[in-house]
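Asks: Enclosed is the structure file input.tsv (TSV, C-alpha atoms).
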```
chain	number	residue	atom	x	y	z
A	18	MET	CA	113.03	122.91	105.98
A	19	THR	CA	112.21	123.86	102.41
A	20	GLN	CA	112.65	121.31	99.66
A	21	GLN	CA	115.29	123.52	98.01
A	22	LYS	CA	117.49	123.28	101.13
A	23	GLN	CA	117.00	119.54	101.74
A	24	GLY	CA	120.08	117.44	101.01
A	25	THR	CA	119.81	113.88	99.68
A	26	ALA	CA	123.06	112.22	100.85
A	27	THR	CA	122.07	109.14	102.85
A	28	VAL	CA	123.43	107.73	106.09
A	29	GLY	CA	122.56	104.12	106.97
A	30	PHE	CA	119.80	101.76	105.87
A	31	LYS	CA	117.16	101.61	108.58
A	32	SER	CA	114.44	99.35	107.24
A	33	LEU	CA	112.80	97.58	104.31
A	34	THR	CA	109.02	97.28	104.10
A	35	VAL	CA	107.49	94.69	101.79
A	36	ARG	CA	103.81	94.94	100.88
A	37	ILE	CA	102.30	91.89	99.20
A	38	LEU	CA	99.93	93.07	96.45
A	39	ASP	CA	97.30	90.43	97.15
A	40	GLY	CA	94.25	92.50	96.24
A	41	ASN	CA	93.47	93.22	99.87
A	42	GLN	CA	93.24	96.98	100.38
A	43	THR	CA	94.03	96.65	104.09
A	44	PRO	CA	97.70	96.09	104.98
A	45	THR	CA	98.14	93.77	107.96
A	46	GLU	CA	101.59	93.30	109.42
A	47	GLY	CA	102.63	89.65	109.34
A	48	GLU	CA	100.05	88.82	106.66
A	49	ASN	CA	100.62	91.06	103.65
A	50	LEU	CA	102.97	93.63	105.20
A	51	PHE	CA	106.47	92.84	106.46
A	52	ILE	CA	108.95	95.28	107.98
A	53	ILE	CA	112.60	94.22	108.17
A	54	GLN	CA	114.14	96.58	110.70
A	55	GLY	CA	116.55	94.66	112.91
A	56	LYS	CA	114.15	93.03	115.38
A	57	LYS	CA	115.51	89.71	116.60
A	58	GLY	CA	114.33	86.82	114.44
A	59	GLU	CA	112.71	89.16	111.91
A	60	GLY	CA	115.70	90.08	109.77
A	61	ALA	CA	117.81	93.19	109.25
A	62	THR	CA	118.89	95.42	106.37
A	63	GLN	CA	122.50	95.92	105.29
A	64	THR	CA	122.80	97.37	101.79
A	65	ALA	CA	120.69	98.60	98.89
A	66	LYS	CA	121.62	99.80	95.42
A	67	ILE	CA	119.00	101.32	93.14
A	68	THR	CA	119.76	101.30	89.41
A	69	GLY	CA	117.97	101.97	86.14
A	70	LEU	CA	116.50	105.34	87.09
A	71	ALA	CA	117.53	106.89	83.76
A	72	ALA	CA	116.67	105.68	80.28
A	73	ASP	CA	119.42	105.21	77.71
A	74	ALA	CA	119.53	108.34	75.58
A	75	ILE	CA	118.77	107.79	71.88
A	76	LYS	CA	120.16	110.45	69.58
A	77	SER	CA	118.66	111.34	66.21
A	78	PHE	CA	121.22	112.90	63.89
A	79	GLY	CA	120.50	115.43	61.17
A	80	SER	CA	122.38	118.27	59.50
A	81	ASN	CA	125.61	116.81	60.89
A	82	ILE	CA	124.49	117.26	64.52
A	83	ALA	CA	122.64	115.36	67.22
A	84	TYR	CA	119.35	117.03	66.30
A	85	TYR	CA	117.17	115.35	68.93
A	86	VAL	CA	117.85	113.35	72.08
A	87	ASN	CA	115.13	111.03	73.40
A	88	ASN	CA	115.72	110.22	77.07
A	89	ARG	CA	112.13	109.86	78.19
A	90	GLY	CA	111.22	107.41	80.95
A	91	VAL	CA	113.38	105.08	82.98
A	92	GLY	CA	115.67	102.16	82.28
A	93	ASP	CA	115.63	98.68	83.79
A	94	VAL	CA	114.74	99.71	87.34
A	95	LYS	CA	116.19	97.34	89.93
A	96	VAL	CA	117.09	97.29	93.60
A	97	ASP	CA	119.88	94.99	94.78
A	98	LEU	CA	119.46	94.29	98.49
A	99	GLY	CA	121.78	92.81	101.09
A	100	LEU	CA	119.71	91.37	103.94
A	101	LEU	CA	120.38	89.42	107.12
A	102	ASP	CA	118.28	86.57	108.47
A	103	ILE	CA	115.32	86.83	106.07
A	104	PRO	CA	112.03	85.86	107.79
A	105	VAL	CA	110.65	82.50	106.65
A	106	ALA	CA	107.27	84.11	106.01
A	107	LEU	CA	108.74	86.08	103.12
A	108	TYR	CA	109.81	82.86	101.39
A	109	VAL	CA	106.14	81.95	101.14
A	110	LYS	CA	104.41	85.34	100.94
A	111	ALA	CA	106.83	87.10	98.57
A	112	LEU	CA	109.07	84.53	96.87
A	113	GLY	CA	106.18	82.15	96.20
A	114	TYR	CA	107.54	79.03	97.91
A	115	GLU	CA	104.87	76.47	98.81
A	116	ASP	CA	104.35	75.84	102.52
A	117	ASP	CA	103.70	72.15	103.17
A	118	ASP	CA	103.15	72.11	106.94
A	119	GLY	CA	106.27	74.18	107.57
A	120	ILE	CA	108.32	72.50	104.83
A	121	LEU	CA	109.07	74.90	101.98
A	122	ASP	CA	108.88	73.54	98.43
A	123	PHE	CA	110.08	75.29	95.28
A	124	GLY	CA	110.33	74.23	91.67
A	125	ALA	CA	109.04	74.64	88.13
A	126	ASP	CA	105.73	76.13	89.29
A	127	THR	CA	107.23	78.61	91.77
A	128	VAL	CA	106.19	82.18	90.93
A	129	SER	CA	107.13	85.19	93.05
A	130	LYS	CA	104.31	87.48	94.14
A	131	ASP	CA	103.80	91.08	93.08
A	132	VAL	CA	104.99	93.36	95.86
A	133	ALA	CA	105.62	97.01	96.64
A	134	ILE	CA	108.69	97.93	98.68
A	135	LEU	CA	109.86	100.89	100.73
A	136	LEU	CA	113.46	101.57	101.75
A	137	GLU	CA	114.03	103.89	104.69
A	138	SER	CA	117.28	105.68	105.42
A	139	ASN	CA	118.32	109.07	106.80
A	140	THR	CA	119.91	112.12	105.25
A	141	ALA	CA	123.11	113.64	106.61
A	142	ASP	CA	121.10	116.19	108.63
A	143	GLY	CA	119.04	113.45	110.31
A	144	SER	CA	115.88	113.80	108.24
A	145	GLY	CA	114.23	110.77	106.71
A	146	ALA	CA	115.02	109.44	103.24
A	147	TYR	CA	112.34	107.21	101.70
A	148	TYR	CA	112.52	105.29	98.41
A	149	GLY	CA	109.37	103.46	97.36
A	150	PHE	CA	108.56	101.23	94.40
A	151	TYR	CA	104.95	100.58	93.46
A	152	LYS	CA	105.12	97.14	91.90
A	153	GLY	CA	107.68	94.45	91.17
A	154	ASN	CA	109.04	91.08	92.20
A	155	LEU	CA	111.64	89.91	94.69
A	156	ALA	CA	114.10	87.15	93.80
A	157	MET	CA	116.69	85.23	95.81
A	158	ASP	CA	119.03	83.40	93.48
A	159	ALA	CA	121.49	81.85	95.95
A	160	ILE	CA	121.89	80.62	99.52
A	161	ASP	CA	125.45	80.37	100.86
A	162	LEU	CA	126.57	77.86	103.48
A	163	SER	CA	129.99	77.82	105.12
A	164	THR	CA	131.80	75.71	107.70
A	165	LEU	CA	132.40	76.91	111.23
A	166	LYS	CA	135.81	78.48	111.69
A	167	GLU	CA	138.12	79.00	114.64
A	168	LYS	CA	137.08	82.61	115.06
A	169	ALA	CA	133.49	83.80	115.10
A	170	GLU	CA	132.34	85.63	111.98
A	171	GLU	CA	129.51	87.93	111.08
A	172	LEU	CA	126.27	86.47	109.78
A	173	ALA	CA	126.30	85.94	106.02
A	174	THR	CA	124.52	88.47	103.84
A	175	THR	CA	121.72	87.17	101.63
A	176	ASP	CA	121.48	88.89	98.27
A	177	VAL	CA	117.94	89.65	97.16
A	178	SER	CA	116.96	91.55	94.02
A	179	PHE	CA	113.83	93.54	93.24
A	180	ALA	CA	112.80	94.01	89.62
A	181	ALA	CA	110.45	96.97	89.33
A	182	GLY	CA	107.58	97.34	86.91
A	183	ALA	CA	105.06	100.07	86.17
A	184	SER	CA	102.16	100.52	88.55
A	185	THR	CA	98.72	99.56	87.27
A	186	ASP	CA	96.85	101.30	90.10
A	187	GLU	CA	94.75	104.20	88.83
A	188	GLN	CA	96.33	106.71	91.23
A	189	THR	CA	99.92	105.82	90.32
A	190	LYS	CA	99.48	104.32	86.85
A	191	ASN	CA	102.67	103.95	84.78
A	192	LYS	CA	104.85	105.18	87.64
A	193	TYR	CA	107.67	102.99	88.92
A	194	GLY	CA	108.63	104.64	92.16
A	195	THR	CA	108.45	107.56	94.53
A	196	MET	CA	110.78	109.23	97.01
A	197	TYR	CA	110.67	111.73	99.82
A	198	PHE	CA	113.37	113.49	101.84
A	199	GLY	CA	112.24	115.04	105.11
A	200	SER	CA	110.43	114.44	108.38
A	201	ASP	CA	106.91	115.71	107.73
A	202	GLU	CA	104.70	112.92	109.12
A	203	THR	CA	101.79	113.91	106.90
A	204	LYS	CA	103.90	113.48	103.78
A	205	ILE	CA	105.40	110.21	105.04
A	206	LYS	CA	101.90	108.83	105.64
A	207	LYS	CA	100.83	109.99	102.17
A	208	LEU	CA	103.80	108.24	100.58
A	209	LYS	CA	103.05	105.01	102.47
A	210	ALA	CA	99.39	105.23	101.47
A	211	LYS	CA	100.39	105.51	97.79
A	212	LEU	CA	102.37	102.28	98.25
A	213	GLY	CA	99.46	100.54	100.00
A	214	MET	CA	101.32	100.47	103.32
A	215	ALA	CA	99.20	102.77	105.45
A	216	VAL	CA	98.14	100.77	108.48
A	217	ALA	CA	94.97	101.93	110.22
A	218	GLY	CA	95.55	103.58	113.57
```
Could you rewrite the structure in this file as structure tokens?
Replies:
Amino acid sequence: MTQQKQGTATVGFKSLTVRILDGNQTPTEGENLFIIQGKKGEGATQTAKITGLAADAIKSFGSNIAYYVNNRGVGDVKVDLGLLDIPVALYVKALGYEDDDGILDFGADTVSKDVAILLESNTADGSGAYYGFYKGNLAMDAIDLSTLKEKAEELATTDVSFAAGASTDEQTKNKYGTMYFGSDETKIKKLKAKLGMAVAG
């Protein structure tokens, strides 16, 4: 399918990949690469909203008209995520919590790690839809607890936000994100490699 005939409407939210930018060029799942894709005990994805893709337009007026409009770049790029059953490892590896023999500490010195993320969905025709962000930080501002009720309820959604920044890698310098719509495995691998997520083999 040619790019001109590829639709972008999305159906579902298949997975979220988190790559810890720890300086190690080799991504290793469970160490600096985590894929949340609905496996039992490893979390699942529910919702994602990407905002800030357009910069606020600044108009320069002259001769009684808007003579020039500056809309270069992006705005405050963010991704608001709704996740289920976040893996404990991400508290330490991504959110920066301190692991004291399985007890997680957080406080004034807690600093979230730099990460890259990749959201995977599908288009209406069944092709893949991939949204990647080269560098940023994850944050979890709240944890909700609730009493048991007479009728069983769904698991509570945990809200996690991702604040994107510009890439400092030479190959993607000053870029915030990347996207691809389609099913070409070569292009999918290239996109993952740009995000540092290409696993050998």
Asks: Dump as a Markdown table the rows for residues of segment 44-106 of chain A within 12 Å of segment 112-119 of chain A: closest atom pair and distance in Å with one decimal, only C-alpha atoms counted, ordered by chain and rising residue number.
Replies:
```
| residue | atom | partner | partner_atom | distance |
| --- | --- | --- | --- | --- |
| A:Ile103 | CA | A:Leu112 | CA | 11.4 |
| A:Pro104 | CA | A:Leu112 | CA | 11.4 |
| A:Val105 | CA | A:Gly119 | CA | 9.4 |
| A:Ala106 | CA | A:Leu112 | CA | 9.3 |
```
Asks: Go ahead and compute the interatomic distance for atom CA of Ser184 of chain A and atom CA of Thr62 of chain A, in Å to one decimal.
Replies: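 Those two atoms sit 25.0 Å apart.
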Asks: Between atom CA of Ala72 of chain A and atom CA of Ala183 of chain A, what is the spacing in Å?
Replies: 14.2 Å
Asks: Which of these residues is nearest to Asp176 of chain A, using all atoms listed in the file: A:Gly194, A:Gly99, A:Gly124, A:Gly92?
Replies: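 Among A:Gly194, A:Gly99, A:Gly124, A:Gly92, it is A:Gly99 that comes nearest to Asp176 of chain A.
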Asks: Report, in Å with one decimal, the straight-line distance from atom CA of Ala169 of chain A to atom CA of Gly55 of chain A.
Replies: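 Answer for the atom CA of Ala169 of chain A to atom CA of Gly55 of chain A separation: 20.2 Å.
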Asks: Could you give me, as JSON lines, a per-residue list for segment 103-191 of chain A showing, wherever an atom lies at most 12 Å from an atom of segment 20-32 of chain A, the closest pair of atoms and their distance in Å to one decimal, using all atoms listed in the file and sorting by chain then residue number from low to high?
Replies:
```
{"residue": "A:Ile134", "atom": "CA", "partner": "A:Ser32", "partner_atom": "CA", "distance": 10.4}
{"residue": "A:Leu135", "atom": "CA", "partner": "A:Ser32", "partner_atom": "CA", "distance": 8.1}
{"residue": "A:Leu136", "atom": "CA", "partner": "A:Ser32", "partner_atom": "CA", "distance": 6.0}
{"residue": "A:Glu137", "atom": "CA", "partner": "A:Ser32", "partner_atom": "CA", "distance": 5.2}
{"residue": "A:Ser138", "atom": "CA", "partner": "A:Phe30", "partner_atom": "CA", "distance": 4.7}
{"residue": "A:Asn139", "atom": "CA", "partner": "A:Val28", "partner_atom": "CA", "distance": 5.3}
{"residue": "A:Thr140", "atom": "CA", "partner": "A:Thr27", "partner_atom": "CA", "distance": 4.4}
{"residue": "A:Ala141", "atom": "CA", "partner": "A:Ala26", "partner_atom": "CA", "distance": 5.9}
{"residue": "A:Asp142", "atom": "CA", "partner": "A:Gly24", "partner_atom": "CA", "distance": 7.8}
{"residue": "A:Gly143", "atom": "CA", "partner": "A:Val28", "partner_atom": "CA", "distance": 8.4}
{"residue": "A:Ser144", "atom": "CA", "partner": "A:Gln23", "partner_atom": "CA", "distance": 8.7}
{"residue": "A:Gly145", "atom": "CA", "partner": "A:Thr27", "partner_atom": "CA", "distance": 8.9}
{"residue": "A:Ala146", "atom": "CA", "partner": "A:Thr27", "partner_atom": "CA", "distance": 7.1}
{"residue": "A:Tyr147", "atom": "CA", "partner": "A:Ser32", "partner_atom": "CA", "distance": 9.8}
{"residue": "A:Tyr148", "atom": "CA", "partner": "A:Ser32", "partner_atom": "CA", "distance": 10.8}
{"residue": "A:Gly149", "atom": "CA", "partner": "A:Ser32", "partner_atom": "CA", "distance": 11.8}
```
Asks: Which residue out of A:Leu212, A:Ala159, A:Val128, A:Gln42 has the minimum interatomic distance to Lys190 of chain A when all atoms listed in the file are used?
Replies: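 Looking only at the distances to Lys190 of chain A, the closest residue turns out to be A:Leu212.
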Asks: Select, counting all atoms listed in the file, all protein, DNA and RNA residues no farther than 6 Å from (112.7, 104.8, 89.4) in file coordinates, and express the selection as a PyMOL selection string.
Replies: chain A and resi 70+94+193-194
Asks: Let me make sure I understand: among A:Met196, A:Ala180, A:Ala156, A:Ile82, which one has the smallest atom-to-atom distance to Ala111 of chain A if we use only C-alpha atoms?
Replies: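 Ranking A:Met196, A:Ala180, A:Ala156, A:Ile82 by distance to Ala111 of chain A, first place goes to A:Ala156.
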Asks: Tell me which of A:Lys209, A:Arg36, A:Lys57, A:Lys168 sits closest to Leu107 of chain A, counting all atoms listed in the file.
Replies: A:Arg36
Asks: So that I can check the surroundings of Leu101 of chain A, please list as a PyMOL selection string every protein, DNA and RNA residue that reaches within 12 Å of it, counting only C-alpha atoms and ignoring chain neighbours fewer than 6 positions away.
Replies: chain A and resi 32-33+53-64+160+171-177
Asks: Just checking: using only C-alpha atoms, which residue out of A:Met157, A:Lys204, A:Val109, A:Asp93 ends up closest to Leu121 of chain A?
Replies: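 So, comparing all the options, the nearest one is A:Val109.
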Asks: Between A:Gly213, A:Gly69, A:Pro44, A:Gly153, single out the one closest to Ala181 of chain A, counting only C-alpha atoms.
Replies: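 Smallest distance to Ala181 of chain A is found for A:Gly153.
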Asks: Missing atoms in segment 49-65 of chain A: fill them in up to N, CA and C atoms and send the result as a CSV table (one decimal), keeping the file's coordinate frame.
Replies:
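After the write, part-v2.csv holds the following:
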```
chain,number,residue,atom,x,y,z
A,49,ASN,N,100.2,90.5,105.0
A,49,ASN,CA,100.6,91.1,103.6
A,49,ASN,C,101.5,92.3,103.8
A,50,LEU,N,102.0,92.5,105.0
A,50,LEU,CA,103.0,93.6,105.2
A,50,LEU,C,104.1,93.1,106.1
A,51,PHE,N,105.3,93.3,105.7
A,51,PHE,CA,106.5,92.8,106.5
A,51,PHE,C,107.5,94.0,106.5
A,52,ILE,N,108.0,94.2,107.8
A,52,ILE,CA,109.0,95.3,108.0
A,52,ILE,C,110.2,94.6,108.5
A,53,ILE,N,111.3,94.7,107.7
A,53,ILE,CA,112.6,94.2,108.2
A,53,ILE,C,113.4,95.4,108.7
A,54,GLN,N,113.6,95.4,110.1
A,54,GLN,CA,114.1,96.6,110.7
A,54,GLN,C,115.0,96.2,111.9
A,55,GLY,N,115.6,95.0,111.9
A,55,GLY,CA,116.6,94.7,112.9
A,55,GLY,C,116.0,94.0,114.2
A,56,LYS,N,114.7,93.7,114.2
A,56,LYS,CA,114.2,93.0,115.4
A,56,LYS,C,114.6,91.6,115.4
A,57,LYS,N,115.0,91.1,116.5
A,57,LYS,CA,115.5,89.7,116.6
A,57,LYS,C,114.6,88.7,116.0
A,58,GLY,N,115.1,87.9,115.1
A,58,GLY,CA,114.3,86.8,114.4
A,58,GLY,C,113.5,87.3,113.3
A,59,GLU,N,113.5,88.6,113.0
A,59,GLU,CA,112.7,89.2,111.9
A,59,GLU,C,113.5,89.8,110.8
A,60,GLY,N,114.9,89.6,110.8
A,60,GLY,CA,115.7,90.1,109.8
A,60,GLY,C,116.2,91.5,110.0
A,61,ALA,N,117.2,91.9,109.2
A,61,ALA,CA,117.8,93.2,109.2
A,61,ALA,C,118.3,93.6,107.9
A,62,THR,N,118.4,94.9,107.7
A,62,THR,CA,118.9,95.4,106.4
A,62,THR,C,120.4,95.8,106.4
A,63,GLN,N,121.1,95.5,105.3
A,63,GLN,CA,122.5,95.9,105.3
A,63,GLN,C,122.8,96.9,104.2
A,64,THR,N,122.5,96.5,102.9
A,64,THR,CA,122.8,97.4,101.8
A,64,THR,C,121.6,97.4,100.8
A,65,ALA,N,121.6,98.5,100.0
A,65,ALA,CA,120.7,98.6,98.9
A,65,ALA,C,121.3,99.5,97.8
```
